[in-house]
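Have a look at start06.txt; it's compact mmCIF, C-alpha atoms and all ligand atoms:
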```
# COMPACT_ATOMS: atom_id res chain seq x y z
CA MET A 1 101.24 118.46 98.16
CA ALA A 2 98.73 117.21 100.68
CA ASN A 3 96.76 114.07 100.01
CA ILE A 4 93.03 114.67 100.03
CA ILE A 5 92.25 110.96 99.75
CA GLU A 6 94.41 108.17 101.14
CA VAL A 7 93.31 104.59 100.58
CA LYS A 8 95.38 101.69 101.84
CA ASP A 9 94.65 98.00 101.40
CA LEU A 10 90.90 98.59 101.02
CA ARG A 11 88.82 95.42 100.95
CA LYS A 12 85.13 94.83 100.41
CA SER A 13 83.09 91.71 99.72
CA TYR A 14 79.41 91.31 99.05
CA GLY A 15 77.33 88.28 100.00
CA LYS A 16 78.28 85.08 101.75
CA GLY A 17 79.38 81.53 101.00
CA GLU A 18 78.96 80.53 97.38
CA ASN A 19 77.55 83.95 96.52
CA LYS A 20 80.48 85.88 97.96
CA VAL A 21 81.95 88.47 95.61
CA ASP A 22 85.33 90.02 96.46
CA ALA A 23 84.68 93.42 94.93
CA LEU A 24 87.86 95.06 96.31
CA LYS A 25 90.87 92.89 97.06
CA GLY A 26 93.13 95.33 98.86
CA ILE A 27 93.50 98.44 96.73
CA SER A 28 95.72 101.43 97.58
CA PHE A 29 96.03 104.91 96.06
CA ASN A 30 96.33 108.56 97.06
CA ILE A 31 94.76 111.62 95.46
CA LYS A 32 96.43 115.00 95.86
CA LYS A 33 94.83 118.37 96.40
CA GLY A 34 93.63 119.87 93.12
CA GLU A 35 94.09 116.66 91.19
CA THR A 36 91.56 115.12 88.81
CA PHE A 37 92.23 111.44 89.27
CA GLY A 38 90.74 108.90 86.86
CA PHE A 39 89.37 105.46 87.57
CA LEU A 40 89.22 103.23 84.54
CA GLY A 41 88.14 99.63 84.42
CA PRO A 42 85.61 97.24 82.91
CA ASN A 43 82.16 96.66 84.39
CA GLY A 44 82.40 95.06 87.78
CA ALA A 45 85.98 96.24 88.38
CA GLY A 46 85.07 97.83 91.71
CA LYS A 47 84.96 101.52 90.76
CA SER A 48 81.52 102.26 92.18
CA THR A 49 82.20 100.16 95.28
CA THR A 50 85.23 102.34 95.99
CA ILE A 51 83.31 105.57 95.42
CA ASN A 52 80.39 104.38 97.53
CA ILE A 53 82.76 103.60 100.42
CA LEU A 54 84.42 107.02 100.07
CA CYS A 55 81.09 108.85 100.21
CA GLY A 56 79.76 106.82 103.12
CA LEU A 57 77.06 104.88 101.24
CA LEU A 58 78.84 101.58 101.94
CA SER A 59 81.04 100.44 104.80
CA LYS A 60 84.42 98.84 104.12
CA ASP A 61 85.44 95.40 105.40
CA SER A 62 89.04 96.42 106.12
CA GLY A 63 91.79 98.83 105.15
CA HIS A 64 92.42 102.50 105.84
CA VAL A 65 90.59 105.37 104.25
CA ARG A 66 91.41 108.95 105.12
CA ILE A 67 89.76 111.96 103.52
CA PHE A 68 91.09 115.45 104.29
CA GLY A 69 93.37 113.65 106.78
CA ASN A 70 90.39 112.31 108.76
CA ASP A 71 89.48 108.68 109.29
CA ILE A 72 86.19 108.09 107.43
CA ARG A 73 84.82 105.86 110.14
CA LYS A 74 85.50 108.20 113.04
CA ASP A 75 85.19 111.66 111.57
CA PHE A 76 82.67 111.28 108.79
CA GLU A 77 80.55 114.22 109.91
CA GLN A 78 83.48 116.59 109.34
CA ILE A 79 84.27 115.13 105.95
CA LYS A 80 80.85 114.94 104.39
CA GLN A 81 80.13 118.68 104.32
CA ARG A 82 83.27 119.23 102.27
CA MET A 83 82.56 116.71 99.53
CA ASN A 84 79.78 115.81 97.13
CA VAL A 85 79.06 113.01 94.74
CA ALA A 86 77.34 112.57 91.38
CA ASN A 87 76.43 109.05 90.33
CA ALA A 88 73.58 107.01 88.96
CA TYR A 89 72.63 105.96 92.51
CA THR A 90 72.15 109.45 93.84
CA HIS A 91 68.87 109.16 95.63
CA LEU A 92 66.63 111.87 94.38
CA ASN A 93 63.25 111.84 96.03
CA ASN A 94 60.97 110.71 93.20
CA SER A 95 57.84 112.43 94.46
CA LEU A 96 59.55 115.81 94.91
CA THR A 97 60.21 118.10 91.99
CA VAL A 98 63.71 118.69 90.71
CA GLU A 99 63.76 122.12 92.33
CA GLN A 100 62.58 120.71 95.68
CA ASN A 101 65.25 118.02 95.53
CA LEU A 102 67.95 120.59 94.87
CA ARG A 103 66.63 122.71 97.73
CA VAL A 104 66.85 119.74 100.13
CA TYR A 105 70.44 119.02 99.11
CA GLY A 106 71.33 122.71 99.21
CA LYS A 107 70.05 122.94 102.79
CA LEU A 108 71.75 119.68 103.82
CA TYR A 109 75.04 121.08 102.61
CA GLY A 110 74.46 124.42 104.27
CA VAL A 111 74.54 126.36 100.98
CA LYS A 112 74.16 130.04 101.81
CA ASP A 113 71.94 131.57 99.13
CA VAL A 114 70.18 128.36 98.09
CA GLU A 115 67.72 129.89 95.60
CA LYS A 116 70.47 131.76 93.77
CA LYS A 117 72.62 128.66 93.68
CA ILE A 118 69.75 126.49 92.38
CA ALA A 119 69.25 128.99 89.55
CA GLU A 120 72.97 128.90 88.79
CA VAL A 121 73.37 125.09 88.63
CA ALA A 122 70.05 124.71 86.79
CA ASP A 123 71.36 127.04 84.14
CA THR A 124 74.77 125.34 83.95
CA PHE A 125 73.28 121.88 83.44
CA SER A 126 70.33 123.01 81.29
CA ILE A 127 67.65 121.81 83.66
CA VAL A 128 65.74 125.08 84.08
CA TYR A 129 62.80 123.59 82.15
CA LEU A 130 62.74 120.61 84.54
CA LYS A 131 62.51 122.53 87.80
CA LYS A 132 58.82 121.78 88.35
CA LYS A 133 58.98 118.19 87.13
CA GLU A 134 58.87 115.29 89.57
CA ALA A 135 62.27 113.59 89.82
CA GLY A 136 60.66 110.17 89.25
CA LYS A 137 59.59 111.24 85.75
CA LEU A 138 63.00 112.22 84.40
CA SER A 139 64.69 110.52 81.47
CA SER A 140 68.08 108.96 82.12
CA GLY A 141 69.98 111.90 80.63
CA GLU A 142 67.85 114.41 82.57
CA ASN A 143 68.47 112.46 85.77
CA THR A 144 72.21 112.60 85.12
CA ARG A 145 72.06 116.38 84.67
CA VAL A 146 70.09 116.84 87.88
CA CYS A 147 72.63 114.65 89.73
CA LEU A 148 75.43 116.85 88.39
CA ALA A 149 73.56 119.95 89.58
CA LYS A 150 73.13 118.30 92.99
CA CYS A 151 76.89 117.73 93.16
CA PHE A 152 77.93 121.23 92.11
CA ILE A 153 75.36 122.99 94.29
CA SER A 154 77.63 122.89 97.35
CA ASP A 155 80.88 123.86 95.55
CA PRO A 156 82.60 121.00 97.37
CA GLU A 157 86.36 120.79 97.84
CA LEU A 158 86.19 117.15 96.80
CA MET A 159 83.95 115.69 94.09
CA LEU A 160 83.35 112.02 93.48
CA LEU A 161 82.02 111.71 89.94
CA ASP A 162 80.97 108.15 89.10
CA GLU A 163 80.15 108.07 85.39
CA PRO A 164 78.74 111.58 85.52
CA THR A 165 78.03 111.73 81.79
CA VAL A 166 76.11 108.46 81.48
CA GLY A 167 73.02 108.86 79.29
CA LEU A 168 74.00 112.31 78.03
CA ASP A 169 73.98 113.02 74.31
CA PRO A 170 77.48 113.50 72.84
CA ASP A 171 77.12 117.27 72.63
CA PHE A 172 76.07 117.65 76.24
CA ALA A 173 78.64 115.09 77.43
CA ASP A 174 81.31 117.15 75.68
CA LYS A 175 80.13 120.41 77.24
CA THR A 176 80.02 118.75 80.66
CA LYS A 177 83.59 117.53 80.27
CA GLU A 178 84.72 121.07 79.34
CA TYR A 179 82.75 122.55 82.22
CA ILE A 180 84.26 120.16 84.76
CA ARG A 181 87.75 121.06 83.55
CA GLU A 182 87.13 124.82 83.72
CA TYR A 183 85.43 124.55 87.10
CA GLN A 184 88.24 122.43 88.48
CA LYS A 185 90.88 124.93 87.34
CA THR A 186 89.05 127.91 88.80
CA ASN A 187 88.29 126.29 92.14
CA ASN A 188 91.25 123.90 92.50
CA THR A 189 88.72 121.17 93.28
CA THR A 190 89.95 117.63 93.88
CA ILE A 191 88.06 115.17 91.70
CA LEU A 192 87.80 111.40 91.49
CA PHE A 193 86.37 110.71 88.07
CA THR A 194 85.17 107.49 86.45
CA SER A 195 83.85 107.03 82.94
CA HIS A 196 83.70 104.44 80.21
CA ILE A 197 84.50 107.15 77.71
CA MET A 198 88.27 107.06 77.38
CA SER A 199 88.51 110.50 75.79
CA GLU A 200 86.89 112.05 78.87
CA VAL A 201 89.29 110.33 81.24
CA GLU A 202 92.22 111.30 79.06
CA TYR A 203 91.07 114.92 78.75
CA LEU A 204 90.46 115.44 82.46
CA CYS A 205 92.88 113.21 84.33
CA LYS A 206 96.66 113.45 84.66
CA ARG A 207 96.85 110.18 86.55
CA ILE A 208 94.70 107.18 85.80
CA LEU A 209 94.27 104.11 87.95
CA PHE A 210 93.34 100.99 86.07
CA LEU A 211 91.18 98.71 88.16
CA ASN A 212 90.18 95.18 87.20
CA ASN A 213 88.48 92.53 89.25
CA GLY A 214 88.97 94.44 92.50
CA GLU A 215 92.70 94.95 91.99
CA VAL A 216 94.87 97.85 90.90
CA LEU A 217 96.48 96.76 87.66
CA ARG A 218 98.23 99.97 86.66
CA LEU A 219 98.56 103.55 87.78
CA GLY A 220 100.06 106.21 85.56
CA SER A 221 99.53 109.02 83.10
CA SER A 222 97.65 108.24 79.89
CA ARG A 223 100.99 108.40 78.06
CA GLN A 224 102.56 105.90 80.45
CA LEU A 225 99.57 103.61 80.03
CA LYS A 226 99.74 103.89 76.25
CA ASN A 227 103.45 103.06 76.32
CA LEU A 228 102.50 99.68 77.74
CA VAL A 229 101.25 98.73 74.28
CA LYS A 230 104.33 97.55 72.47
CA THR A 231 102.78 97.22 69.06
CA GLN A 232 102.82 99.79 66.31
CA ILE A 233 100.33 99.83 63.46
CA VAL A 234 101.61 101.06 60.11
CA GLU A 235 99.55 102.05 57.07
CA LEU A 236 101.65 102.00 53.94
CA THR A 237 100.83 103.14 50.40
CA LEU A 238 103.21 101.88 47.73
CA GLY A 239 103.25 103.09 44.16
CA MET A 240 103.51 99.66 42.59
CA LYS A 241 102.52 95.99 42.65
CA LYS A 242 102.25 94.63 46.14
CA ASP A 243 102.61 90.85 46.17
CA LYS A 244 106.34 90.89 46.72
CA ALA A 245 106.03 93.67 49.28
CA LEU A 246 103.53 91.64 51.30
CA ALA A 247 105.94 88.71 51.37
CA LEU A 248 108.82 90.96 52.39
CA ILE A 249 106.84 92.55 55.21
CA LYS A 250 105.89 89.14 56.56
CA ARG A 251 109.41 87.81 56.27
CA SER A 252 110.92 90.76 58.14
CA GLY A 253 108.55 90.46 61.10
CA GLY A 254 105.43 92.50 60.23
CA ARG A 255 102.02 91.00 60.90
CA LEU A 256 99.61 91.80 58.09
CA ILE A 257 96.29 93.16 59.25
CA ASN A 258 94.74 93.91 55.87
CA TYR A 259 95.50 95.29 52.44
CA ASP A 260 93.74 96.49 49.33
CA SER A 261 94.87 97.92 45.99
CA GLU A 262 95.84 101.16 47.77
CA LYS A 263 97.10 100.38 51.22
CA ILE A 264 98.88 97.74 53.28
CA VAL A 265 98.20 97.75 57.01
CA PHE A 266 100.52 95.80 59.29
CA GLU A 267 101.50 95.57 62.93
CA ILE A 268 105.00 95.52 64.39
CA ASN A 269 105.76 94.01 67.75
CA GLN A 270 108.27 96.52 69.02
CA LEU A 271 109.72 94.09 71.53
CA ASN A 272 111.24 92.11 68.66
CA TYR A 273 111.27 94.35 65.59
CA SER A 274 111.64 97.98 64.64
CA LEU A 275 110.09 99.94 61.79
CA HIS A 276 113.53 100.01 60.19
CA ASP A 277 113.69 96.18 60.11
CA ILE A 278 110.65 96.19 57.87
CA MET A 279 111.14 99.30 55.78
CA HIS A 280 114.77 98.63 54.92
CA PRO A 281 114.15 95.44 52.87
CA LEU A 282 111.27 97.15 51.06
CA ILE A 283 113.37 100.13 50.04
CA LYS A 284 116.28 97.89 49.11
CA ALA A 285 113.97 95.91 46.83
CA GLY A 286 113.11 99.14 45.02
CA PHE A 287 109.64 99.85 46.42
CA LYS A 288 108.63 103.51 46.38
CA ILE A 289 106.76 104.71 49.42
CA LYS A 290 103.97 107.11 48.48
CA ASP A 291 102.52 107.55 51.93
CA MET A 292 102.96 106.13 55.42
CA HIS A 293 101.02 106.56 58.67
CA ILE A 294 102.08 105.21 62.03
CA LYS A 295 99.13 104.87 64.35
CA LYS A 296 99.80 105.52 68.02
CA PRO A 297 98.11 103.22 70.51
CA THR A 298 94.94 104.67 72.00
CA LEU A 299 93.81 104.44 75.60
CA GLU A 300 90.99 102.28 74.25
CA GLN A 301 93.45 99.66 72.99
CA VAL A 302 95.19 99.74 76.36
CA PHE A 303 91.84 99.28 78.11
CA ILE A 304 90.99 96.27 75.95
CA LYS A 305 94.41 94.71 76.31
CA ILE A 306 94.55 95.18 80.08
CA SER A 307 91.00 93.87 80.47
CA ARG A 308 91.86 90.76 78.47
CA GLY A 309 94.99 90.20 80.53
CA GLU A 310 97.24 90.82 77.52
CA LEU A 311 99.36 93.44 79.26
N1 LIG B 401 75.08 95.36 96.19
C1 LIG B 401 75.81 94.39 95.66
N2 LIG B 401 75.61 93.09 95.98
C2 LIG B 401 76.36 92.11 95.48
N3 LIG B 401 77.36 92.30 94.61
C3 LIG B 401 77.63 93.56 94.24
C4 LIG B 401 76.87 94.67 94.73
N4 LIG B 401 77.36 95.81 94.18
C5 LIG B 401 78.36 95.43 93.39
N5 LIG B 401 78.54 94.10 93.41
C6 LIG B 401 79.58 93.32 92.68
O1 LIG B 401 80.85 93.84 93.05
C7 LIG B 401 81.72 93.91 91.91
C8 LIG B 401 82.15 95.36 91.71
O2 LIG B 401 81.05 96.13 91.31
P1 LIG B 401 81.12 97.72 91.08
O3 LIG B 401 81.91 98.32 92.17
O4 LIG B 401 79.76 98.20 90.86
O5 LIG B 401 81.97 97.80 89.71
P2 LIG B 401 82.11 98.96 88.62
O6 LIG B 401 81.56 100.21 89.18
O7 LIG B 401 83.59 99.03 88.37
O8 LIG B 401 81.38 98.49 87.42
C9 LIG B 401 80.94 93.32 90.76
O9 LIG B 401 81.27 91.96 90.65
C10 LIG B 401 79.49 93.49 91.19
O10 LIG B 401 78.67 92.50 90.61
MG MG B 402 80.10 101.52 88.42
```

Would you mind writing the file out in C-alpha cells?
Ligand SMILES: Nc1ncnc2c1ncn2[C@@H]1O[C@H](COP(=O)(O)OP(=O)(O)O)[C@@H](O)[C@H]1O
Ligand SMILES: [Mg+2]
Amino acid sequence: MANIIEVKDLRKSYGKGENKVDALKGISFNIKKGETFGFLGPNGAGKSTTINILCGLLSKDSGHVRIFGNDIRKDFEQIKQRMNVANAYTHLNNSLTVEQNLRVYGKLYGVKDVEKKIAEVADTFSIVYLKKKEAGKLSSGENTRVCLAKCFISDPELMLLDEPTVGLDPDFADKTKEYIREYQKTNNTTILFTSHIMSEVEYLCKRILFLNNGEVLRLGSSRQLKNLVKTQIVELTLGMKKDKALALIKRSGGRLINYDSEKIVFEINQLNYSLHDIMHPLIKAGFKIKDMHIKKPTLEQVFIKISRGEL
C-alpha cells in the first residue's frame, strides 16, 4: 500500500541559546493510504509541532517529509489542496461570521457547490444555529465544531486532526468519534489523529505512535502497546477469613494493592510470577474462591507508564 505520509529523521527546535527547545529530535514514521494513524503523548511531546510542519504552518529544521509522494518544501501547492486540518490553532477570522469563514475556506479549497457543502457540514457538526455568529464570539466547544466543519468541507484525501474533540461535551465527542470512523470508511480517507482521550485513539486507530519529549518511544497497535505492561491486577473474593490468605499472596509474589472484608486486590509482575504461583498455595491451603476478576491493562496505564519512563 502506498504511503501517504513519509517522515524521516524530522527535527525542529524553537528559540535560541538557553531558551532553545528541541521539540522534535529526529522522528520517523509512515502513514499508509486509508489508515487512521494515532499520535499519543503527554503535553509538550511534539504532536502539534509535527502536525503544524505537515500542514505547512511551521517549517522544519531538517529531515525528509513527503506527502502524496511530494516533497513538502518543493511541491506544497500540489499537496495542500488535497489535505485539510482541524486543530485549536485553525485561524478563523474573528470578525467574520461562522458562515463567512466556511465560505472563505470552501473557496480556498475549490469546493464546487460551496453553499450546499456549508449546509451539509453545518448540519453534521450541529453549528446551523451559529452560522450568523461572529467567530470571535464562539465558546471553546463551538470553535472546535466549526474547525471540524472547516476540515470536512473540502472532503480531503488526507486529514490532520489535532485534538479535534477538545472542549466538546462527552456526548458530542462520542458522536464525532463515530462520525469520523464512518466517514473514513466510506471515503477511505487517510487520517493523522491526536487526542488525550485514549478511548478515541483506541477506537479509531489501528497503529499508534507514542511520542515523548520529541522522540518516538513506541509504535504499534493498541494491543501491542498494552502488552508492554507486564503486570496483572487480580480482584479476588474468598469465602472465609483473609489474614492467612493475605500472607500467602505476599509470600508467593503478589503485591497487595488493597483489601476489605469482601475483596483482595493484588498485582502480579508477570516477568517473575504467574497467576498459578499465587493461586496454587491458596487453593492448597483450603481457601474457596467465590469470585475472581483479572483486569487487563488499559491504554491509559500504558500512557502513564511510558510517560514516567517505567516502560
Ligand atoms: N511557538 C513555540 N515556541 C517555543 N516553544 C514551543 C512553541 N511551540 C511549541 N513549543 C515547545 O515545543 C515542545 C512541543 O510542543 P507541542 O508540539 O505543542 O507538543 P504537544 O502538541 O505534543 O503537546 C514543547 O516543549 C513546547 O513547549
Ligand atoms: Mg498539541

Hey, which residues sit close to ligand MG 402 (chain B)? Say within 10 Å, counting all atoms listed in the file, and write them as a ChimeraX atom specification.
/A:41-52,87-89,162-163,194-196

Nearest-residue call for Thr176 in chain A, choices A:Gln81, A:Thr144, A:Asn101, A:Ser59, using all atoms listed in the file:
A:Thr144

So which residues touch Asn3 in chain A within 6 Å, counting all atoms listed in the file, skipping near sequence neighbours fewer than 3 positions away, as number ranges by chain?
A: 31-33

Just the number, please: distance in Å from CA of Ile79 in chain A to atom N3 of ligand LIG 401 (chain B), one decimal.
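These two atoms are separated by 26.4 Å.
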
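For the set A:Phe125, A:Phe303, A:Phe37, A:Tyr14, the residue with the smallest atom-to-atom gap to ligand LIG 401 (chain B) is A:Tyr14, counting all atoms listed in the file.
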
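Residues of protein, DNA or RNA having at least one counted atom within 12 Å of (84.3, 125.4, 88.2), given all atoms listed in the file, are A:Gly34, A:Glu120, A:Val121, A:Thr124, A:Cys151, A:Phe152, A:Ile153, A:Ser154, A:Asp155, A:Pro156, A:Glu157, A:Met159, A:Thr176, A:Lys177, A:Glu178, A:Tyr179, A:Ile180, A:Arg181, A:Glu182, A:Tyr183, A:Gln184, A:Lys185, A:Thr186, A:Asn187, A:Asn188, A:Thr189, A:Thr190, A:Ile191.
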
Would you mind telling me which residue in A:Lys305, A:Gly239, A:Thr231, A:Ala245 lies nearest to Leu275 in chain A when using all atoms listed in the file?
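Closest candidate: A:Thr231.
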
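Between CA of Leu225 in chain A and CA of Glu267 in chain A the separation is 19.0 Å.
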
Can you measure CA of Gly141 in chain A to atom O1 of ligand LIG 401 (chain B) for me? One decimal in Å is fine.
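These two atoms are separated by 24.5 Å.
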
Residues within 9 Å of (102.8, 96.6, 50.2), file coords, only C-alpha atoms, listed as number ranges by chain
A: 236-249, 259, 262-265, 282, 287

Got a sec: who's within 10 Å of Lys150 in chain A, counting all atoms listed in the file, leaving out chain neighbours fewer than 3 positions off, as a ChimeraX atom specification?
/A:84-86,90,92,98,101-106,118,121-122,144-147,153-155

Would you list the contacts of Asn272 in chain A as a ChimeraX atom specification, taking every protein, DNA or RNA residue within 12 Å and counting all atoms listed in the file, but skipping same-chain residues closer than 4 positions in sequence?
/A:230-232,252-254,267-268,276-278

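Across A:Glu134, A:Glu115, A:Glu215, A:Asp260, the tightest approach to ligand LIG 401 (chain B) is made by A:Glu215 when counting only C-alpha atoms and all ligand atoms.
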
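In terms of minimum interatomic distance to Val166 in chain A, A:Ile197 ranks closest within A:Ala149, A:Ile197, A:Tyr109, A:Asn258, counting all atoms listed in the file.
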
Counting only C-alpha atoms, figure out which residue out of A:Gly38, A:Ile127, A:Gly56, A:Pro297 gets nearest to Tyr203 in chain A.
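Distance minimum relative to Tyr203 in chain A lands on A:Gly38.
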